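**Q** The structure that follows is given in the form of structure tokens.
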Amino acid sequence: MTCDNDNEIGSCFESAVKALARARRFDAPVYVTRPNLPTLEAYMRAVAPAWERRWLTNDGALHAQLEAALAMRFDVLCFRLFCNGTVALLAALQALGLEDGEVITTPFTFPATVNALHWRRLRPVFCDIDPKTCNLDPAGIAALITPDTRAILPVHVFGTPCDVDAIQAVADAHGLPVIYDAAHAFDVEYKGKSILQYGTMSMLSFHATKLFTTAEGGALAAPNTVIASEAKQSPPDLNERLRLLKNFGIADENTVIAPGVNGKMSELHAALGLTQLESVADEIANRRRIAMRYNERLADLPGLTTPVFDTEDVKHNYAYYPLRVNGEIYGMDRDALHAQLKLFNIYARRYFHPLCSTFAWCRVEPGCLPVAEAAARETLCLPLYGALSPESAATICDVITQLGTLARETA
Ligand code: T4K
């Protein structure tokens, strides 16, 4: 294709993309994710006992069943369901008595992570990330610790485990708790055990966009029920403390012992979770197949970096497919690709843009967190869910390949 001047080049690219879109546009939107749902009949069967008992929330039997099943699945002594991941994270901070101070965390995350800190009057102190995993870089933590530091809050971004051993070593050296935002990390394993067995506590999200979903929902998990440094908290048993905190702090009909919240999961939500316990393994396997197809087709394209999933130590859950786009080499930058894909009815997402360190309530100067800033500028999550057909994944790869070629040819 030959285009002679700047104006011609622009319109040349646009008309070539339009022609391509006429040929390859999806009839219906292809979203970044879709929930893995049971049949409606299966959901009705799962929720029916709640109807029969006329028991809809507040420690219902389905809730108890899901809580026990997940505690066993992850092999953790402490496990509590919540109405969503954000409230669960708030409760974790409250349960550990954390407020009025600083928490070292990552800027490359969903707003919920840092907003939860704000609600406890905790100031996020941002640490840059590792360029390979996009998780908090343990090497940067020690230099940020001050007498005001209360905790470390790393995120297992896109389901990829943090360097938990290195983080624990810094935390132990300074007597700090580690609370993991494991919103993306359902069923992830590290060194042969659930990722939820690391750190002081971990939060899960069961939102509709998550691998395992209860529509809205979340959980806290901890390897131990008593945390030595927090023994002064009441009641000392963490499981019991979390149960109280998510139910307004009510101990019994006469006693309210803490300013708790309403963090309870309903029976309707728990029923949906129960239907997924079995199917989540197939969902991961199907996502893996799609992710491998993307990797095969995209890894060698100029300017694109494909994600790493399973390694010797990591059993991944394929929760997201984060592609990195180097605009100079690929031919257009991440934002342009994101916009062009919409012409094809492909709704990829720029997780995590904007970076949390740009928010007015916890802003830091641009340039201070260069690795995270690059990740927020270059990462595009492609559609990834079990029901995405291999043909659709192949079309998405064709479109990305051809858009790059057109952009480079008309540059
Ligand atoms: N920490 C981290 C690291 C997190 O990523 C999150 C949540 C949290 C904490 C907080 O956990 P929760 O309090 O939410 O439990 C979505 C979710 O709302 C959010 O839960 C999630 N992270 C985040 C990564 O993704 P949006 O703004 O991208 O959602 P939305 O509505 O644009 O949905 C994305 C796509 O998913 C849609 O284009 C279509 C599809 N979708 C969505 C919904 C809601 C469906 O197919 N069905 C649906 O019901 O934030």
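Within each chain, counting starts at residue 1; across the structure tokens, chains are named A, B, ... in the order shown, with ligands numbered 1 upward in that order.
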Taking only range 264-304 of chain A into account, list the residues labelled helix (DSSP H, G or I) by DSSP (computed from the backbone), as a PyMOL selection string.

**A** chain A and resi 267-276+280-298

**Q** Give one line per residue of chain A that approaches ligand 1 to at most 9 Å, naming the two atoms of the closest pair and their distance in Å to one decimal, counting only C-alpha atoms and all ligand atoms; sort by chain then ascending residue number and deliver it as JSON lines.

**A**
{"residue": "A:Pro29", "atom": "CA", "partner": "ligand 1", "partner_atom_place_in_ligand_line": "38 (O)", "distance": 8.9}
{"residue": "A:Val30", "atom": "CA", "partner": "ligand 1", "partner_atom_place_in_ligand_line": "39 (C)", "distance": 8.4}
{"residue": "A:Tyr31", "atom": "CA", "partner": "ligand 1", "partner_atom_place_in_ligand_line": "38 (O)", "distance": 5.1}
{"residue": "A:Val32", "atom": "CA", "partner": "ligand 1", "partner_atom_place_in_ligand_line": "35 (C)", "distance": 5.5}
{"residue": "A:Thr33", "atom": "CA", "partner": "ligand 1", "partner_atom_place_in_ligand_line": "36 (O)", "distance": 4.8}
{"residue": "A:Arg34", "atom": "CA", "partner": "ligand 1", "partner_atom_place_in_ligand_line": "46 (O)", "distance": 3.8}
{"residue": "A:Pro35", "atom": "CA", "partner": "ligand 1", "partner_atom_place_in_ligand_line": "46 (O)", "distance": 5.7}
{"residue": "A:Phe82", "atom": "CA", "partner": "ligand 1", "partner_atom_place_in_ligand_line": "15 (O)", "distance": 8.9}
{"residue": "A:Cys83", "atom": "CA", "partner": "ligand 1", "partner_atom_place_in_ligand_line": "15 (O)", "distance": 7.8}
{"residue": "A:Asn84", "atom": "CA", "partner": "ligand 1", "partner_atom_place_in_ligand_line": "15 (O)", "distance": 4.1}
{"residue": "A:Gly85", "atom": "CA", "partner": "ligand 1", "partner_atom_place_in_ligand_line": "15 (O)", "distance": 3.5}
{"residue": "A:Thr86", "atom": "CA", "partner": "ligand 1", "partner_atom_place_in_ligand_line": "13 (O)", "distance": 3.8}
{"residue": "A:Val87", "atom": "CA", "partner": "ligand 1", "partner_atom_place_in_ligand_line": "13 (O)", "distance": 6.6}
{"residue": "A:Ala88", "atom": "CA", "partner": "ligand 1", "partner_atom_place_in_ligand_line": "13 (O)", "distance": 7.9}
{"residue": "A:Leu89", "atom": "CA", "partner": "ligand 1", "partner_atom_place_in_ligand_line": "9 (C)", "distance": 8.0}
{"residue": "A:Phe108", "atom": "CA", "partner": "ligand 1", "partner_atom_place_in_ligand_line": "3 (C)", "distance": 8.6}
{"residue": "A:Thr109", "atom": "CA", "partner": "ligand 1", "partner_atom_place_in_ligand_line": "3 (C)", "distance": 5.1}
{"residue": "A:Phe110", "atom": "CA", "partner": "ligand 1", "partner_atom_place_in_ligand_line": "2 (C)", "distance": 4.7}
{"residue": "A:Pro111", "atom": "CA", "partner": "ligand 1", "partner_atom_place_in_ligand_line": "9 (C)", "distance": 7.2}
{"residue": "A:Ala112", "atom": "CA", "partner": "ligand 1", "partner_atom_place_in_ligand_line": "9 (C)", "distance": 4.7}
{"residue": "A:Thr113", "atom": "CA", "partner": "ligand 1", "partner_atom_place_in_ligand_line": "1 (N)", "distance": 5.1}
{"residue": "A:Val114", "atom": "CA", "partner": "ligand 1", "partner_atom_place_in_ligand_line": "1 (N)", "distance": 8.8}
{"residue": "A:Ala116", "atom": "CA", "partner": "ligand 1", "partner_atom_place_in_ligand_line": "9 (C)", "distance": 9.0}
{"residue": "A:Val155", "atom": "CA", "partner": "ligand 1", "partner_atom_place_in_ligand_line": "3 (C)", "distance": 6.3}
{"residue": "A:His156", "atom": "CA", "partner": "ligand 1", "partner_atom_place_in_ligand_line": "3 (C)", "distance": 7.5}
{"residue": "A:Val157", "atom": "CA", "partner": "ligand 1", "partner_atom_place_in_ligand_line": "3 (C)", "distance": 6.4}
{"residue": "A:Phe158", "atom": "CA", "partner": "ligand 1", "partner_atom_place_in_ligand_line": "3 (C)", "distance": 7.8}
{"residue": "A:Asp181", "atom": "CA", "partner": "ligand 1", "partner_atom_place_in_ligand_line": "1 (N)", "distance": 5.8}
{"residue": "A:Ala182", "atom": "CA", "partner": "ligand 1", "partner_atom_place_in_ligand_line": "3 (C)", "distance": 6.9}
{"residue": "A:Ala183", "atom": "CA", "partner": "ligand 1", "partner_atom_place_in_ligand_line": "2 (C)", "distance": 4.9}
{"residue": "A:His184", "atom": "CA", "partner": "ligand 1", "partner_atom_place_in_ligand_line": "3 (C)", "distance": 6.3}
{"residue": "A:Met203", "atom": "CA", "partner": "ligand 1", "partner_atom_place_in_ligand_line": "9 (C)", "distance": 8.0}
{"residue": "A:Leu204", "atom": "CA", "partner": "ligand 1", "partner_atom_place_in_ligand_line": "15 (O)", "distance": 7.3}
{"residue": "A:Ser205", "atom": "CA", "partner": "ligand 1", "partner_atom_place_in_ligand_line": "15 (O)", "distance": 4.1}
{"residue": "A:Phe206", "atom": "CA", "partner": "ligand 1", "partner_atom_place_in_ligand_line": "15 (O)", "distance": 5.7}
{"residue": "A:His207", "atom": "CA", "partner": "ligand 1", "partner_atom_place_in_ligand_line": "15 (O)", "distance": 4.8}
{"residue": "A:Ala208", "atom": "CA", "partner": "ligand 1", "partner_atom_place_in_ligand_line": "49 (O)", "distance": 4.9}
{"residue": "A:Thr209", "atom": "CA", "partner": "ligand 1", "partner_atom_place_in_ligand_line": "36 (O)", "distance": 5.1}
{"residue": "A:Lys210", "atom": "CA", "partner": "ligand 1", "partner_atom_place_in_ligand_line": "20 (O)", "distance": 7.2}
{"residue": "A:Ala215", "atom": "CA", "partner": "ligand 1", "partner_atom_place_in_ligand_line": "49 (O)", "distance": 6.9}
{"residue": "A:Glu216", "atom": "CA", "partner": "ligand 1", "partner_atom_place_in_ligand_line": "15 (O)", "distance": 6.2}
{"residue": "A:Gly217", "atom": "CA", "partner": "ligand 1", "partner_atom_place_in_ligand_line": "15 (O)", "distance": 5.6}
{"residue": "A:Gly218", "atom": "CA", "partner": "ligand 1", "partner_atom_place_in_ligand_line": "15 (O)", "distance": 5.5}
{"residue": "A:Ala219", "atom": "CA", "partner": "ligand 1", "partner_atom_place_in_ligand_line": "15 (O)", "distance": 8.8}
{"residue": "A:Tyr347", "atom": "CA", "partner": "ligand 1", "partner_atom_place_in_ligand_line": "38 (O)", "distance": 6.8}
{"residue": "A:Ala348", "atom": "CA", "partner": "ligand 1", "partner_atom_place_in_ligand_line": "38 (O)", "distance": 8.2}
{"residue": "A:Arg349", "atom": "CA", "partner": "ligand 1", "partner_atom_place_in_ligand_line": "28 (O)", "distance": 7.2}
{"residue": "A:Arg350", "atom": "CA", "partner": "ligand 1", "partner_atom_place_in_ligand_line": "28 (O)", "distance": 8.8}
{"residue": "A:Tyr351", "atom": "CA", "partner": "ligand 1", "partner_atom_place_in_ligand_line": "24 (C)", "distance": 7.0}
{"residue": "A:Phe352", "atom": "CA", "partner": "ligand 1", "partner_atom_place_in_ligand_line": "24 (C)", "distance": 8.1}

**Q** Go through A:Leu90, A:Cys12, A:Leu37, A:Leu117 one by one, measure the shortest atom-to-atom distance of each to Gly273 in chain A using only C-alpha atoms, and give the residue with the smallest value.

**A** A:Leu37

**Q** Range 138-294 of chain A: which residues are strand (DSSP E or B) by DSSP, as an MDAnalysis selection string?

**A** chainID A and resid 149:153 155 178:181 189:190 193:194 201:205 218:222 247 250:252 255:256 262

**Q** For those residues, write N, CA and C atoms to a file as a PDB file, in the first residue's frame.

**A**
ATOM      1  N   THR A 149       4.597   2.970  59.106  1.00  0.00           N
ATOM      2  CA  THR A 149       4.139   1.853  58.266  1.00  0.00           C
ATOM      3  C   THR A 149       3.370   0.846  59.113  1.00  0.00           C
ATOM      4  N   ARG A 150       2.170   0.497  58.629  1.00  0.00           N
ATOM      5  CA  ARG A 150       1.323  -0.440  59.380  1.00  0.00           C
ATOM      6  C   ARG A 150       1.272  -1.828  58.741  1.00  0.00           C
ATOM      7  N   ALA A 151       1.440  -1.877  57.410  1.00  0.00           N
ATOM      8  CA  ALA A 151       1.276  -3.171  56.724  1.00  0.00           C
ATOM      9  C   ALA A 151       1.808  -3.083  55.304  1.00  0.00           C
ATOM     10  N   ILE A 152       1.876  -4.254  54.660  1.00  0.00           N
ATOM     11  CA  ILE A 152       2.202  -4.338  53.228  1.00  0.00           C
ATOM     12  C   ILE A 152       0.976  -4.947  52.543  1.00  0.00           C
ATOM     13  N   LEU A 153       0.549  -4.324  51.440  1.00  0.00           N
ATOM     14  CA  LEU A 153      -0.650  -4.787  50.724  1.00  0.00           C
ATOM     15  C   LEU A 153      -0.316  -5.036  49.254  1.00  0.00           C
ATOM     16  N   VAL A 155      -0.693  -7.132  45.525  1.00  0.00           N
ATOM     17  CA  VAL A 155      -1.802  -7.674  44.727  1.00  0.00           C
ATOM     18  C   VAL A 155      -1.243  -8.756  43.798  1.00  0.00           C
ATOM     19  N   VAL A 178       1.169  -8.856  56.261  1.00  0.00           N
ATOM     20  CA  VAL A 178       1.027  -8.788  54.795  1.00  0.00           C
ATOM     21  C   VAL A 178      -0.395  -9.201  54.441  1.00  0.00           C
ATOM     22  N   ILE A 179      -1.127  -8.286  53.837  1.00  0.00           N
ATOM     23  CA  ILE A 179      -2.491  -8.601  53.397  1.00  0.00           C
ATOM     24  C   ILE A 179      -2.447  -8.643  51.874  1.00  0.00           C
ATOM     25  N   TYR A 180      -2.751  -9.801  51.314  1.00  0.00           N
ATOM     26  CA  TYR A 180      -2.735  -9.909  49.851  1.00  0.00           C
ATOM     27  C   TYR A 180      -4.100  -9.592  49.275  1.00  0.00           C
ATOM     28  N   ASP A 181      -4.121  -8.734  48.247  1.00  0.00           N
ATOM     29  CA  ASP A 181      -5.305  -8.591  47.421  1.00  0.00           C
ATOM     30  C   ASP A 181      -5.202  -9.711  46.390  1.00  0.00           C
ATOM     31  N   GLU A 189      -2.064 -21.724  42.522  1.00  0.00           N
ATOM     32  CA  GLU A 189      -1.165 -22.398  43.480  1.00  0.00           C
ATOM     33  C   GLU A 189       0.263 -21.919  43.284  1.00  0.00           C
ATOM     34  N   TYR A 190       0.982 -21.852  44.411  1.00  0.00           N
ATOM     35  CA  TYR A 190       2.392 -21.474  44.370  1.00  0.00           C
ATOM     36  C   TYR A 190       3.170 -22.479  45.191  1.00  0.00           C
ATOM     37  N   LYS A 193       1.006 -25.266  46.878  1.00  0.00           N
ATOM     38  CA  LYS A 193      -0.143 -25.029  47.752  1.00  0.00           C
ATOM     39  C   LYS A 193      -0.880 -23.756  47.350  1.00  0.00           C
ATOM     40  N   SER A 194      -2.107 -23.653  47.851  1.00  0.00           N
ATOM     41  CA  SER A 194      -2.923 -22.498  47.473  1.00  0.00           C
ATOM     42  C   SER A 194      -2.189 -21.206  47.798  1.00  0.00           C
ATOM     43  N   MET A 201      -3.137 -12.536  55.622  1.00  0.00           N
ATOM     44  CA  MET A 201      -4.518 -12.714  55.186  1.00  0.00           C
ATOM     45  C   MET A 201      -4.592 -12.423  53.688  1.00  0.00           C
ATOM     46  N   SER A 202      -5.586 -12.994  53.010  1.00  0.00           N
ATOM     47  CA  SER A 202      -5.789 -12.704  51.577  1.00  0.00           C
ATOM     48  C   SER A 202      -7.254 -12.430  51.319  1.00  0.00           C
ATOM     49  N   MET A 203      -7.498 -11.539  50.369  1.00  0.00           N
ATOM     50  CA  MET A 203      -8.878 -11.214  49.969  1.00  0.00           C
ATOM     51  C   MET A 203      -9.146 -11.771  48.574  1.00  0.00           C
ATOM     52  N   LEU A 204     -10.313 -12.373  48.400  1.00  0.00           N
ATOM     53  CA  LEU A 204     -10.754 -12.842  47.083  1.00  0.00           C
ATOM     54  C   LEU A 204     -11.963 -12.039  46.629  1.00  0.00           C
ATOM     55  N   SER A 205     -12.124 -11.869  45.321  1.00  0.00           N
ATOM     56  CA  SER A 205     -13.355 -11.273  44.782  1.00  0.00           C
ATOM     57  C   SER A 205     -14.098 -12.322  43.958  1.00  0.00           C
ATOM     58  N   GLY A 218     -17.204 -11.997  47.838  1.00  0.00           N
ATOM     59  CA  GLY A 218     -15.776 -12.001  48.115  1.00  0.00           C
ATOM     60  C   GLY A 218     -15.511 -12.829  49.351  1.00  0.00           C
ATOM     61  N   ALA A 219     -14.253 -12.869  49.763  1.00  0.00           N
ATOM     62  CA  ALA A 219     -13.898 -13.677  50.928  1.00  0.00           C
ATOM     63  C   ALA A 219     -12.574 -13.219  51.499  1.00  0.00           C
ATOM     64  N   LEU A 220     -12.356 -13.593  52.754  1.00  0.00           N
ATOM     65  CA  LEU A 220     -11.040 -13.450  53.381  1.00  0.00           C
ATOM     66  C   LEU A 220     -10.566 -14.837  53.774  1.00  0.00           C
ATOM     67  N   ALA A 221      -9.285 -15.077  53.549  1.00  0.00           N
ATOM     68  CA  ALA A 221      -8.694 -16.353  53.922  1.00  0.00           C
ATOM     69  C   ALA A 221      -7.407 -16.072  54.680  1.00  0.00           C
ATOM     70  N   ALA A 222      -7.116 -16.929  55.657  1.00  0.00           N
ATOM     71  CA  ALA A 222      -5.845 -16.799  56.385  1.00  0.00           C
ATOM     72  C   ALA A 222      -5.381 -18.184  56.785  1.00  0.00           C
ATOM     73  N   ASN A 247     -20.989  -8.636  60.483  1.00  0.00           N
ATOM     74  CA  ASN A 247     -22.382  -8.601  60.959  1.00  0.00           C
ATOM     75  C   ASN A 247     -22.535  -7.485  61.997  1.00  0.00           C
ATOM     76  N   ILE A 250     -22.065  -7.426  66.002  1.00  0.00           N
ATOM     77  CA  ILE A 250     -23.022  -7.947  67.004  1.00  0.00           C
ATOM     78  C   ILE A 250     -22.538  -9.293  67.548  1.00  0.00           C
ATOM     79  N   ALA A 251     -22.303  -9.352  68.858  1.00  0.00           N
ATOM     80  CA  ALA A 251     -21.858 -10.602  69.486  1.00  0.00           C
ATOM     81  C   ALA A 251     -23.058 -11.448  69.903  1.00  0.00           C
ATOM     82  N   ASP A 252     -24.060 -10.798  70.508  1.00  0.00           N
ATOM     83  CA  ASP A 252     -25.312 -11.491  70.863  1.00  0.00           C
ATOM     84  C   ASP A 252     -26.398 -10.438  71.021  1.00  0.00           C
ATOM     85  N   THR A 255     -25.120  -7.552  73.093  1.00  0.00           N
ATOM     86  CA  THR A 255     -23.755  -7.022  73.008  1.00  0.00           C
ATOM     87  C   THR A 255     -23.318  -6.723  71.570  1.00  0.00           C
ATOM     88  N   VAL A 256     -22.850  -5.497  71.371  1.00  0.00           N
ATOM     89  CA  VAL A 256     -22.213  -5.129  70.096  1.00  0.00           C
ATOM     90  C   VAL A 256     -20.778  -4.748  70.460  1.00  0.00           C
ATOM     91  N   ASN A 262     -22.082  -4.182  57.347  1.00  0.00           N
ATOM     92  CA  ASN A 262     -22.880  -5.265  56.774  1.00  0.00           C
ATOM     93  C   ASN A 262     -22.076  -5.832  55.607  1.00  0.00           C
TER      94      ASN A 262
END

**Q** Taking only C-alpha atoms into account, name the residue in A:Ser11, A:Cys362, A:Asp100, A:Pro138 that is nearest to Arg120 in chain A.

**A**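 Among A:Ser11, A:Cys362, A:Asp100, A:Pro138, it is A:Asp100 that comes nearest to Arg120 in chain A.
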
**Q** Select, from A:Ala270, A:Met265, A:Ile284, A:Ala374, the residue with the minimum atom-to-atom distance to Leu62 in chain A, counting only C-alpha atoms.

**A** A:Ala270

**Q** What is the distance, in Å and to one decimal place, between CA of Ala95 in chain A and CA of Leu122 in chain A?

**A**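 Going from CA of Ala95 in chain A over to CA of Leu122 in chain A, I get 14.2 Å.
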
**Q** State, in Å with one decimal place, the distance from CA of Arg121 in chain A to CA of Cys368 in chain A.

**A** 23.0 Å

**Q** Pick out the residues sitting within 7 Å of Thr106 in chain A, and hand them over as a list in words; count only C-alpha atoms, and ignore anything fewer than 3 positions along from it in its own chain.

**A**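 Neighbouring residues, sequence-local ones excluded: Thr109, Phe126, Cys127, Asp128, Ile129, Leu136 and Pro154 of chain A.
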
**Q** Would you mind telling me which residue in A:Leu196, A:Leu355, A:Leu268, A:Leu242 lies nearest to Ala71 in chain A when using only C-alpha atoms?

**A**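 Of A:Leu196, A:Leu355, A:Leu268, A:Leu242, the one nearest Ala71 in chain A, counting only C-alpha atoms, is A:Leu196.
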